[in-house]
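Novice: Have a peek at final-v4.pdb (PDB, C-alpha atoms, pLDDT in the B column).
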ATOM      1  CA  MET A 238      -8.304  -6.321 -18.517  1.00 56.00           C
ATOM      2  CA  ASN A 239     -10.704  -8.983 -17.321  1.00 71.00           C
ATOM      3  CA  THR A 240      -8.303 -10.723 -14.954  1.00 85.00           C
ATOM      4  CA  PRO A 241      -8.702  -9.427 -11.391  1.00 91.00           C
ATOM      5  CA  ARG A 242      -5.676  -7.366 -10.427  1.00 97.00           C
ATOM      6  CA  THR A 243      -5.503  -8.384  -6.798  1.00 98.00           C
ATOM      7  CA  ALA A 244      -2.859  -9.819  -4.509  1.00 98.00           C
ATOM      8  CA  THR A 245      -2.292 -10.773  -0.898  1.00 98.00           C
ATOM      9  CA  VAL A 246       1.175 -10.814   0.659  1.00 98.00           C
ATOM     10  CA  HIS A 247       2.060 -12.085   4.109  1.00 98.00           C
ATOM     11  CA  ARG A 248       5.451 -11.090   5.506  1.00 98.00           C
ATOM     12  CA  ALA A 249       6.565 -12.524   8.839  1.00 98.00           C
ATOM     13  CA  THR A 250       9.924 -11.924  10.508  1.00 97.00           C
ATOM     14  CA  SER A 251      11.191 -11.947  14.055  1.00 97.00           C
ATOM     15  CA  GLU A 252      10.281  -8.239  14.156  1.00 97.00           C
ATOM     16  CA  THR A 253       6.966  -7.951  12.311  1.00 98.00           C
ATOM     17  CA  ASP A 254       3.985  -9.935  11.039  1.00 98.00           C
ATOM     18  CA  ILE A 255       2.222  -8.121   8.199  1.00 98.00           C
ATOM     19  CA  THR A 256      -0.562  -9.008   5.775  1.00 98.00           C
ATOM     20  CA  VAL A 257      -1.477  -6.763   2.846  1.00 98.00           C
ATOM     21  CA  THR A 258      -4.308  -7.266   0.365  1.00 98.00           C
ATOM     22  CA  ILE A 259      -4.700  -4.942  -2.609  1.00 98.00           C
ATOM     23  CA  ASN A 260      -7.206  -4.609  -5.439  1.00 98.00           C
ATOM     24  CA  LEU A 261      -5.944  -2.197  -8.073  1.00 98.00           C
ATOM     25  CA  ASP A 262      -9.401  -1.865  -9.612  1.00 97.00           C
ATOM     26  CA  GLY A 263     -11.268  -1.125  -6.410  1.00 97.00           C
ATOM     27  CA  THR A 264     -13.149   1.885  -5.138  1.00 98.00           C
ATOM     28  CA  GLY A 265     -10.725   3.111  -2.492  1.00 98.00           C
ATOM     29  CA  GLN A 266     -12.080   1.071   0.399  1.00 98.00           C
ATOM     30  CA  THR A 267      -9.541   0.567   3.176  1.00 98.00           C
ATOM     31  CA  ARG A 268      -9.079  -1.356   6.385  1.00 98.00           C
ATOM     32  CA  ILE A 269      -5.797  -0.389   8.042  1.00 98.00           C
ATOM     33  CA  ASP A 270      -4.340  -1.428  11.404  1.00 98.00           C
ATOM     34  CA  THR A 271      -0.599  -1.018  11.925  1.00 98.00           C
ATOM     35  CA  GLY A 272      -0.697   0.140  15.534  1.00 98.00           C
ATOM     36  CA  ILE A 273       0.691   3.524  14.430  1.00 98.00           C
ATOM     37  CA  GLY A 274      -2.085   6.088  14.271  1.00 97.00           C
ATOM     38  CA  PHE A 275      -0.566   8.604  11.875  1.00 97.00           C
ATOM     39  CA  PHE A 276       0.740   5.858   9.581  1.00 98.00           C
ATOM     40  CA  ASP A 277      -2.764   4.358   9.458  1.00 98.00           C
ATOM     41  CA  HIS A 278      -4.042   7.795   8.440  1.00 98.00           C
ATOM     42  CA  MET A 279      -1.510   8.000   5.599  1.00 98.00           C
ATOM     43  CA  LEU A 280      -2.212   4.474   4.306  1.00 98.00           C
ATOM     44  CA  THR A 281      -5.938   5.203   4.372  1.00 98.00           C
ATOM     45  CA  ALA A 282      -5.306   8.265   2.204  1.00 98.00           C
ATOM     46  CA  LEU A 283      -3.114   6.197  -0.114  1.00 98.00           C
ATOM     47  CA  GLY A 284      -5.880   3.671  -0.700  1.00 98.00           C
ATOM     48  CA  ARG A 285      -8.653   6.207  -1.023  1.00 98.00           C
ATOM     49  CA  HIS A 286      -6.939   8.468  -3.529  1.00 98.00           C
ATOM     50  CA  SER A 287      -5.419   5.677  -5.621  1.00 98.00           C
ATOM     51  CA  MET A 288      -8.864   4.026  -5.775  1.00 98.00           C
ATOM     52  CA  CYS A 289      -7.189   0.784  -4.693  1.00 98.00           C
ATOM     53  CA  ASP A 290      -8.983  -1.325  -2.128  1.00 98.00           C
ATOM     54  CA  LEU A 291      -6.378  -1.827   0.575  1.00 98.00           C
ATOM     55  CA  GLU A 292      -6.250  -3.954   3.690  1.00 98.00           C
ATOM     56  CA  VAL A 293      -3.195  -3.808   5.933  1.00 98.00           C
ATOM     57  CA  THR A 294      -2.734  -5.601   9.239  1.00 98.00           C
ATOM     58  CA  ALA A 295       0.612  -5.218  10.965  1.00 98.00           C
ATOM     59  CA  LYS A 296       1.938  -6.457  14.281  1.00 98.00           C
ATOM     60  CA  GLY A 297       5.397  -5.153  15.025  1.00 97.00           C
ATOM     61  CA  ASP A 298       7.948  -4.522  17.741  1.00 97.00           C
ATOM     62  CA  LEU A 299       6.564  -1.068  18.485  1.00 97.00           C
ATOM     63  CA  HIS A 300       8.030  -1.224  21.981  1.00 95.00           C
ATOM     64  CA  ILE A 301      11.433  -0.774  20.315  1.00 95.00           C
ATOM     65  CA  ASP A 302      10.431   1.822  17.713  1.00 95.00           C
ATOM     66  CA  TYR A 303       8.304   2.132  14.569  1.00 98.00           C
ATOM     67  CA  HIS A 304      11.045   1.576  12.002  1.00 98.00           C
ATOM     68  CA  HIS A 305      10.598  -2.154  11.397  1.00 98.00           C
ATOM     69  CA  THR A 306       6.819  -1.916  11.119  1.00 98.00           C
ATOM     70  CA  VAL A 307       6.859   1.025   8.717  1.00 98.00           C
ATOM     71  CA  GLU A 308       9.611  -0.370   6.485  1.00 98.00           C
ATOM     72  CA  ASP A 309       8.196  -3.901   6.391  1.00 98.00           C
ATOM     73  CA  THR A 310       4.745  -2.566   5.576  1.00 98.00           C
ATOM     74  CA  GLY A 311       6.305  -0.764   2.625  1.00 98.00           C
ATOM     75  CA  ILE A 312       7.967  -4.000   1.507  1.00 98.00           C
ATOM     76  CA  ALA A 313       4.753  -6.015   1.788  1.00 98.00           C
ATOM     77  CA  LEU A 314       2.666  -3.357   0.048  1.00 98.00           C
ATOM     78  CA  GLY A 315       5.211  -3.035  -2.742  1.00 98.00           C
ATOM     79  CA  LYS A 316       5.271  -6.799  -3.304  1.00 98.00           C
ATOM     80  CA  ALA A 317       1.480  -6.911  -3.347  1.00 98.00           C
ATOM     81  CA  PHE A 318       1.384  -4.095  -5.911  1.00 98.00           C
ATOM     82  CA  ALA A 319       3.949  -5.866  -8.119  1.00 98.00           C
ATOM     83  CA  GLN A 320       1.985  -9.113  -7.987  1.00 98.00           C
ATOM     84  CA  ALA A 321      -1.313  -7.385  -8.723  1.00 98.00           C
ATOM     85  CA  ILE A 322       0.037  -5.380 -11.682  1.00 97.00           C
ATOM     86  CA  GLY A 323       1.318  -8.598 -13.313  1.00 96.00           C
ATOM     87  CA  ASP A 324       3.172  -8.326 -16.619  1.00 94.00           C
ATOM     88  CA  LYS A 325       2.049  -4.685 -17.009  1.00 96.00           C
ATOM     89  CA  ARG A 326       0.297  -5.435 -20.281  1.00 95.00           C
ATOM     90  CA  GLY A 327      -2.013  -2.631 -21.398  1.00 95.00           C
ATOM     91  CA  ILE A 328      -1.270  -0.169 -18.578  1.00 97.00           C
ATOM     92  CA  ARG A 329      -0.319   3.480 -18.954  1.00 97.00           C
ATOM     93  CA  ARG A 330       2.976   2.810 -17.116  1.00 98.00           C
ATOM     94  CA  TYR A 331       3.718   6.463 -16.265  1.00 98.00           C
ATOM     95  CA  GLY A 332       1.873   8.664 -13.814  1.00 98.00           C
ATOM     96  CA  SER A 333       2.438  11.954 -12.082  1.00 98.00           C
ATOM     97  CA  ALA A 334       0.498  14.119  -9.684  1.00 98.00           C
ATOM     98  CA  THR A 335       1.026  17.346  -7.788  1.00 98.00           C
ATOM     99  CA  VAL A 336      -1.171  17.602  -4.722  1.00 98.00           C
ATOM    100  CA  PRO A 337      -1.683  20.563  -2.372  1.00 98.00           C
ATOM    101  CA  LEU A 338      -2.688  20.500   1.260  1.00 98.00           C
ATOM    102  CA  ASP A 339      -3.031  24.081   2.438  1.00 98.00           C
ATOM    103  CA  GLU A 340       0.478  25.601   2.218  1.00 98.00           C
ATOM    104  CA  ALA A 341       2.144  22.270   1.331  1.00 98.00           C
ATOM    105  CA  LEU A 342       2.601  21.039  -2.228  1.00 98.00           C
ATOM    106  CA  CYS A 343       4.127  17.674  -3.150  1.00 99.00           C
ATOM    107  CA  GLU A 344       4.733  16.016  -6.493  1.00 98.00           C
ATOM    108  CA  ALA A 345       5.073  12.300  -7.185  1.00 99.00           C
ATOM    109  CA  VAL A 346       6.183  10.809 -10.506  1.00 99.00           C
ATOM    110  CA  VAL A 347       6.108   7.054 -11.054  1.00 98.00           C
ATOM    111  CA  ASP A 348       7.259   4.713 -13.793  1.00 98.00           C
ATOM    112  CA  ILE A 349       6.120   1.093 -13.448  1.00 98.00           C
ATOM    113  CA  SER A 350       9.345   0.105 -15.106  1.00 97.00           C
ATOM    114  CA  GLY A 351      10.703  -2.949 -13.337  1.00 96.00           C
ATOM    115  CA  ARG A 352      13.651  -0.704 -12.378  1.00 97.00           C
ATOM    116  CA  PRO A 353      13.316   0.110  -8.666  1.00 98.00           C
ATOM    117  CA  PHE A 354      14.548   3.523  -7.605  1.00 98.00           C
ATOM    118  CA  LEU A 355      13.547   6.285  -5.200  1.00 98.00           C
ATOM    119  CA  ALA A 356      14.529   9.935  -5.532  1.00 98.00           C
ATOM    120  CA  TRP A 357      13.399  11.748  -2.380  1.00 98.00           C
ATOM    121  CA  SER A 358      13.429  15.530  -2.100  1.00 98.00           C
ATOM    122  CA  VAL A 359      11.299  16.139   0.989  1.00 98.00           C
ATOM    123  CA  THR A 360      12.338  17.841   4.212  1.00 98.00           C
ATOM    124  CA  PHE A 361      10.588  18.012   7.556  1.00 98.00           C
ATOM    125  CA  GLY A 362      11.112  20.769  10.082  1.00 97.00           C
ATOM    126  CA  ARG A 363      10.676  18.526  13.104  1.00 97.00           C
ATOM    127  CA  ASP A 364      11.557  14.987  14.083  1.00 98.00           C
ATOM    128  CA  LYS A 365       8.105  13.598  14.818  1.00 97.00           C
ATOM    129  CA  ILE A 366       4.463  13.824  13.794  1.00 97.00           C
ATOM    130  CA  GLY A 367       2.607  12.544  16.804  1.00 93.00           C
ATOM    131  CA  GLU A 368       4.687   9.546  17.838  1.00 93.00           C
ATOM    132  CA  MET A 369       5.990   8.776  14.327  1.00 97.00           C
ATOM    133  CA  ASP A 370       9.528   9.749  13.316  1.00 98.00           C
ATOM    134  CA  THR A 371       9.413  11.851  10.153  1.00 98.00           C
ATOM    135  CA  GLU A 372      12.529  10.103   8.808  1.00 98.00           C
ATOM    136  CA  LEU A 373      10.405   6.951   8.466  1.00 98.00           C
ATOM    137  CA  PHE A 374       8.415   8.382   5.572  1.00 98.00           C
ATOM    138  CA  GLU A 375      11.432   8.111   3.306  1.00 98.00           C
ATOM    139  CA  GLU A 376      11.999   4.551   4.561  1.00 98.00           C
ATOM    140  CA  PHE A 377       8.420   3.623   3.656  1.00 98.00           C
ATOM    141  CA  PHE A 378       8.555   5.179   0.193  1.00 99.00           C
ATOM    142  CA  ARG A 379      11.900   3.506  -0.521  1.00 98.00           C
ATOM    143  CA  ALA A 380      10.725   0.098   0.686  1.00 98.00           C
ATOM    144  CA  PHE A 381       7.595   0.407  -1.431  1.00 99.00           C
ATOM    145  CA  ALA A 382       9.447   1.503  -4.582  1.00 98.00           C
ATOM    146  CA  MET A 383      12.076  -1.225  -4.302  1.00 98.00           C
ATOM    147  CA  SER A 384       9.541  -3.994  -3.706  1.00 98.00           C
ATOM    148  CA  ALA A 385       7.000  -2.714  -6.239  1.00 98.00           C
ATOM    149  CA  LEU A 386       9.790  -2.487  -8.838  1.00 98.00           C
ATOM    150  CA  VAL A 387       8.911   1.085  -9.752  1.00 98.00           C
ATOM    151  CA  THR A 388      10.911   4.249 -10.292  1.00 98.00           C
ATOM    152  CA  LEU A 389       9.527   6.894  -7.958  1.00 99.00           C
ATOM    153  CA  HIS A 390      10.373  10.557  -7.512  1.00 99.00           C
ATOM    154  CA  VAL A 391       8.821  12.480  -4.618  1.00 99.00           C
ATOM    155  CA  ILE A 392       9.433  16.221  -4.545  1.00 98.00           C
ATOM    156  CA  GLN A 393       8.281  18.778  -2.009  1.00 98.00           C
ATOM    157  CA  ARG A 394       7.430  21.983  -3.857  1.00 98.00           C
ATOM    158  CA  ALA A 395       6.265  24.017  -0.869  1.00 98.00           C
ATOM    159  CA  GLY A 396       5.223  23.747   2.732  1.00 98.00           C
ATOM    160  CA  HIS A 397       6.312  23.922   6.345  1.00 98.00           C
ATOM    161  CA  ASN A 398       3.611  22.057   8.283  1.00 98.00           C
ATOM    162  CA  CYS A 399       4.956  18.509   8.632  1.00 98.00           C
ATOM    163  CA  HIS A 400       1.521  16.878   8.749  1.00 98.00           C
ATOM    164  CA  HIS A 401       0.522  18.657   5.549  1.00 98.00           C
ATOM    165  CA  ILE A 402       3.779  17.763   3.782  1.00 98.00           C
ATOM    166  CA  ALA A 403       3.510  14.065   4.622  1.00 98.00           C
ATOM    167  CA  GLU A 404      -0.146  13.842   3.665  1.00 98.00           C
ATOM    168  CA  ALA A 405       0.375  15.684   0.387  1.00 98.00           C
ATOM    169  CA  GLY A 406       3.200  13.252  -0.424  1.00 98.00           C
ATOM    170  CA  PHE A 407       1.067  10.178   0.190  1.00 99.00           C
ATOM    171  CA  LYS A 408      -1.833  11.611  -1.801  1.00 98.00           C
ATOM    172  CA  ALA A 409       0.473  12.537  -4.679  1.00 99.00           C
ATOM    173  CA  LEU A 410       1.806   8.980  -4.726  1.00 99.00           C
ATOM    174  CA  ALA A 411      -1.751   7.679  -4.710  1.00 98.00           C
ATOM    175  CA  ARG A 412      -2.826   9.748  -7.686  1.00 98.00           C
ATOM    176  CA  ALA A 413       0.343   8.964  -9.636  1.00 98.00           C
ATOM    177  CA  LEU A 414      -0.082   5.222  -9.036  1.00 98.00           C
ATOM    178  CA  ARG A 415      -3.702   5.404 -10.092  1.00 98.00           C
ATOM    179  CA  THR A 416      -2.779   6.960 -13.427  1.00 98.00           C
ATOM    180  CA  ALA A 417       0.208   4.700 -14.078  1.00 98.00           C
ATOM    181  CA  SER A 418      -1.630   1.454 -13.277  1.00 98.00           C
ATOM    182  CA  GLU A 419      -4.826   2.257 -15.169  1.00 97.00           C
ATOM    183  CA  PRO A 420      -5.572   0.412 -18.413  1.00 95.00           C
ATOM    184  CA  ASP A 421      -4.706   2.464 -21.489  1.00 95.00           C
ATOM    185  CA  PRO A 422      -7.622   2.043 -23.932  1.00 93.00           C
ATOM    186  CA  ARG A 423      -5.300   2.754 -26.877  1.00 92.00           C
ATOM    187  CA  ALA A 424      -2.683   0.169 -25.877  1.00 88.00           C
ATOM    188  CA  GLY A 425      -4.695  -2.895 -26.802  1.00 86.00           C
ATOM    189  CA  GLY A 426      -3.010  -5.161 -24.302  1.00 88.00           C
ATOM    190  CA  ILE A 427       0.507  -4.291 -25.425  1.00 92.00           C
ATOM    191  CA  ILE A 428       3.333  -4.119 -22.881  1.00 92.00           C
ATOM    192  CA  PRO A 429       4.328  -0.413 -22.771  1.00 91.00           C
ATOM    193  CA  SER A 430       7.982  -0.842 -23.689  1.00 90.00           C
ATOM    194  CA  THR A 431       9.964  -0.962 -26.924  1.00 88.00           C
ATOM    195  CA  LYS A 432      11.797  -3.942 -25.381  1.00 88.00           C
ATOM    196  CA  GLY A 433       8.580  -5.967 -25.210  1.00 84.00           C
ATOM    197  CA  SER A 434       8.877  -6.586 -21.472  1.00 86.00           C
ATOM    198  CA  LEU A 435       9.141  -4.654 -18.242  1.00 88.00           C
TER     199      LEU A 435
END
What is this file in structure tokens?
Specialist:
Amino acid sequence: MNTPRTATVHRATSETDITVTINLDGTGQTRIDTGIGFFDHMLTALGRHSMCDLEVTAKGDLHIDYHHTVEDTGIALGKAFAQAIGDKRGIRRYGSATVPLDEALCEAVVDISGRPFLAWSVTFGRDKIGEMDTELFEEFFRAFAMSALVTLHVIQRAGHNCHHIAEAGFKALARALRTASEPDPRAGGIIPSTKGSL
């Protein structure tokens, strides 16, 4: 794969203005500014552990709540991923990872299939982490999966600390994406589907 697998997406609505740049073959360098501290922390982990270079700048209507900014960031990031991955020629396509963080354990399984779907089996014991509503994590993962055109399962295997659960989920997604998007040296540039396209 000699073609750079990079993309930049700008999404502007009456509620948010977001720019995402991704390099799938990076070294995990990140520059994140969404105005939501804990969300920035999670996106930084996502970039670092996927080994994708990731820049995210988001301006949103945070005076209302964080929903629009979190969801629209997921949409923009998903679109950037889909653009960067291209026709999926020569990739592994499937990836899975189970990641611990102290008592928490989360699993993510991804298929870069062109068939967007999220199965979410994660529960949080409180409504917020810092100022961020915990229900927004599912909104982010769904927005990303739908816009990236991937099938994604996220499963909480253990844990009760909400910070640990969320972080383990983001890191599991990162590692699964890294595996699924990596070039398969045995594939020889073939699209990984019996249909010939994804």
Novice: Looking at only C-alpha atoms, which of A:Pro429, A:Gly297, A:Gly367, A:Gly263 is the one that sits closest to Arg330 (chain A)?
Specialist: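 Of the candidates, the smallest distance to Arg330 (chain A) is held by A:Pro429.
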Novice: Got a sec: who's within 12 Å of Asp277 (chain A), counting only C-alpha atoms, leaving out chain neighbours fewer than 5 positions off, as a compact mmCIF listing (two decimals) with C-alpha atoms, in the coordinates of the input?
Specialist:
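Generated file (around.txt):
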# COMPACT_ATOMS: atom_id res chain seq x y z
CA THR A 267 -9.54 0.57 3.18
CA ARG A 268 -9.08 -1.36 6.38
CA ILE A 269 -5.80 -0.39 8.04
CA ASP A 270 -4.34 -1.43 11.40
CA THR A 271 -0.60 -1.02 11.92
CA GLY A 272 -0.70 0.14 15.53
CA ALA A 282 -5.31 8.26 2.20
CA LEU A 283 -3.11 6.20 -0.11
CA GLY A 284 -5.88 3.67 -0.70
CA LEU A 291 -6.38 -1.83 0.57
CA GLU A 292 -6.25 -3.95 3.69
CA VAL A 293 -3.20 -3.81 5.93
CA THR A 294 -2.73 -5.60 9.24
CA ALA A 295 0.61 -5.22 10.96
CA THR A 306 6.82 -1.92 11.12
CA VAL A 307 6.86 1.02 8.72
CA THR A 310 4.74 -2.57 5.58
CA MET A 369 5.99 8.78 14.33
CA GLU A 404 -0.15 13.84 3.66
CA PHE A 407 1.07 10.18 0.19
Novice: Within 7 Å of Leu414 (chain A), counting all atoms listed in the file, which residues show up once you throw out same-chain ones fewer than 4 positions away? Write them as a list of chain:residue names, please.
Specialist: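 Listing them by chain and then by number gives A:Ser287, A:Gly332, A:Val347, A:Leu410, A:Ser418.
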Novice: Convert the current residue selection to file output with C-alpha atoms, as a CSV table (one decimal), in the frame of the given file.
Specialist:
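Written out: result_32.csv:
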chain,number,residue,atom,x,y,z
A,287,SER,CA,-5.4,5.7,-5.6
A,332,GLY,CA,1.9,8.7,-13.8
A,347,VAL,CA,6.1,7.1,-11.1
A,410,LEU,CA,1.8,9.0,-4.7
A,418,SER,CA,-1.6,1.5,-13.3
Novice: List the residues matched by the PyMOL selection byres ((chain A and resi 397) around 7) in the displayed structure as a list in words, ordered by chain and then by residue number.
Specialist: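 On this input, the PyMOL selection byres ((chain A and resi 397) around 7) captures Ala341, Gly362, Gly396, Asn398 and Cys399 of chain A.
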Novice: Any idea what the distance is between CA of Gly315 (chain A) and CA of Phe374 (chain A)?
Specialist: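 CA of Gly315 (chain A) sits 14.5 Å away from CA of Phe374 (chain A).
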Novice: Using all atoms listed in the file for the distances, tell me which of A:Lys365, A:Arg394, A:Cys289, A:Glu308 is nearest to Phe378 (chain A).
Specialist: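 Using all atoms listed in the file, Phe378 (chain A) sits closest to A:Glu308.
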Novice: Take the PyMOL selection byres ((chain A and resi 338-340) around 7), run it mentally on this structure, and tell me the resulting residues as a list in words.
Specialist: Val336, Pro337, Ala341, Leu342, Ala395, Gly396, His401 and Ala405 of chain A
Novice: So which one's closest to Arg423 (chain A), A:Ile312, A:Ala244, A:Ile328, A:Met279? Using all atoms listed in the file, please.
Specialist: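 Smallest distance to Arg423 (chain A) is found for A:Ile328.
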Novice: Could you tell me how far CA of Glu344 (chain A) sits from CA of Asp302 (chain A), in Å to one decimal place?
Specialist: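 The value is 28.6 Å.
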Novice: From the list A:Ile301, A:Ala380, A:Ile366, A:Ala334, which residue is nearest Gln393 (chain A) when using only C-alpha atoms?
Specialist: A:Ala334
Novice: Can you work out the spacing between CA of Lys408 (chain A) and CA of Val391 (chain A) in Å, to one decimal?
Specialist: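 Value for the CA of Lys408 (chain A)-CA of Val391 (chain A) distance: 11.1 Å.
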Novice: Give the padded box for region 373-379 of chain A as JSON: axis-aligned, covering all atoms listed in the file, 5 Å on each side, centre and edge lengths in Å to one decimal.
Specialist:
{"center_x": 10.2, "center_y": 5.9, "center_z": 4.0, "size_x": 13.6, "size_y": 14.9, "size_z": 19.0}
Novice: Mind checking which residues fall within 6 Å of His390 (chain A), counting only C-alpha atoms, ignoring those fewer than 3 positions away in the same chain, and posting them as a ChimeraX atom specification?
Specialist: /A:345-346,355-356
Novice: Would you please work out which residue, of A:Lys316, A:Arg415, A:Arg248, A:Arg242, is nearest to His286 (chain A) when using only C-alpha atoms?
Specialist: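 Selected residue with least distance to His286 (chain A): A:Arg415.
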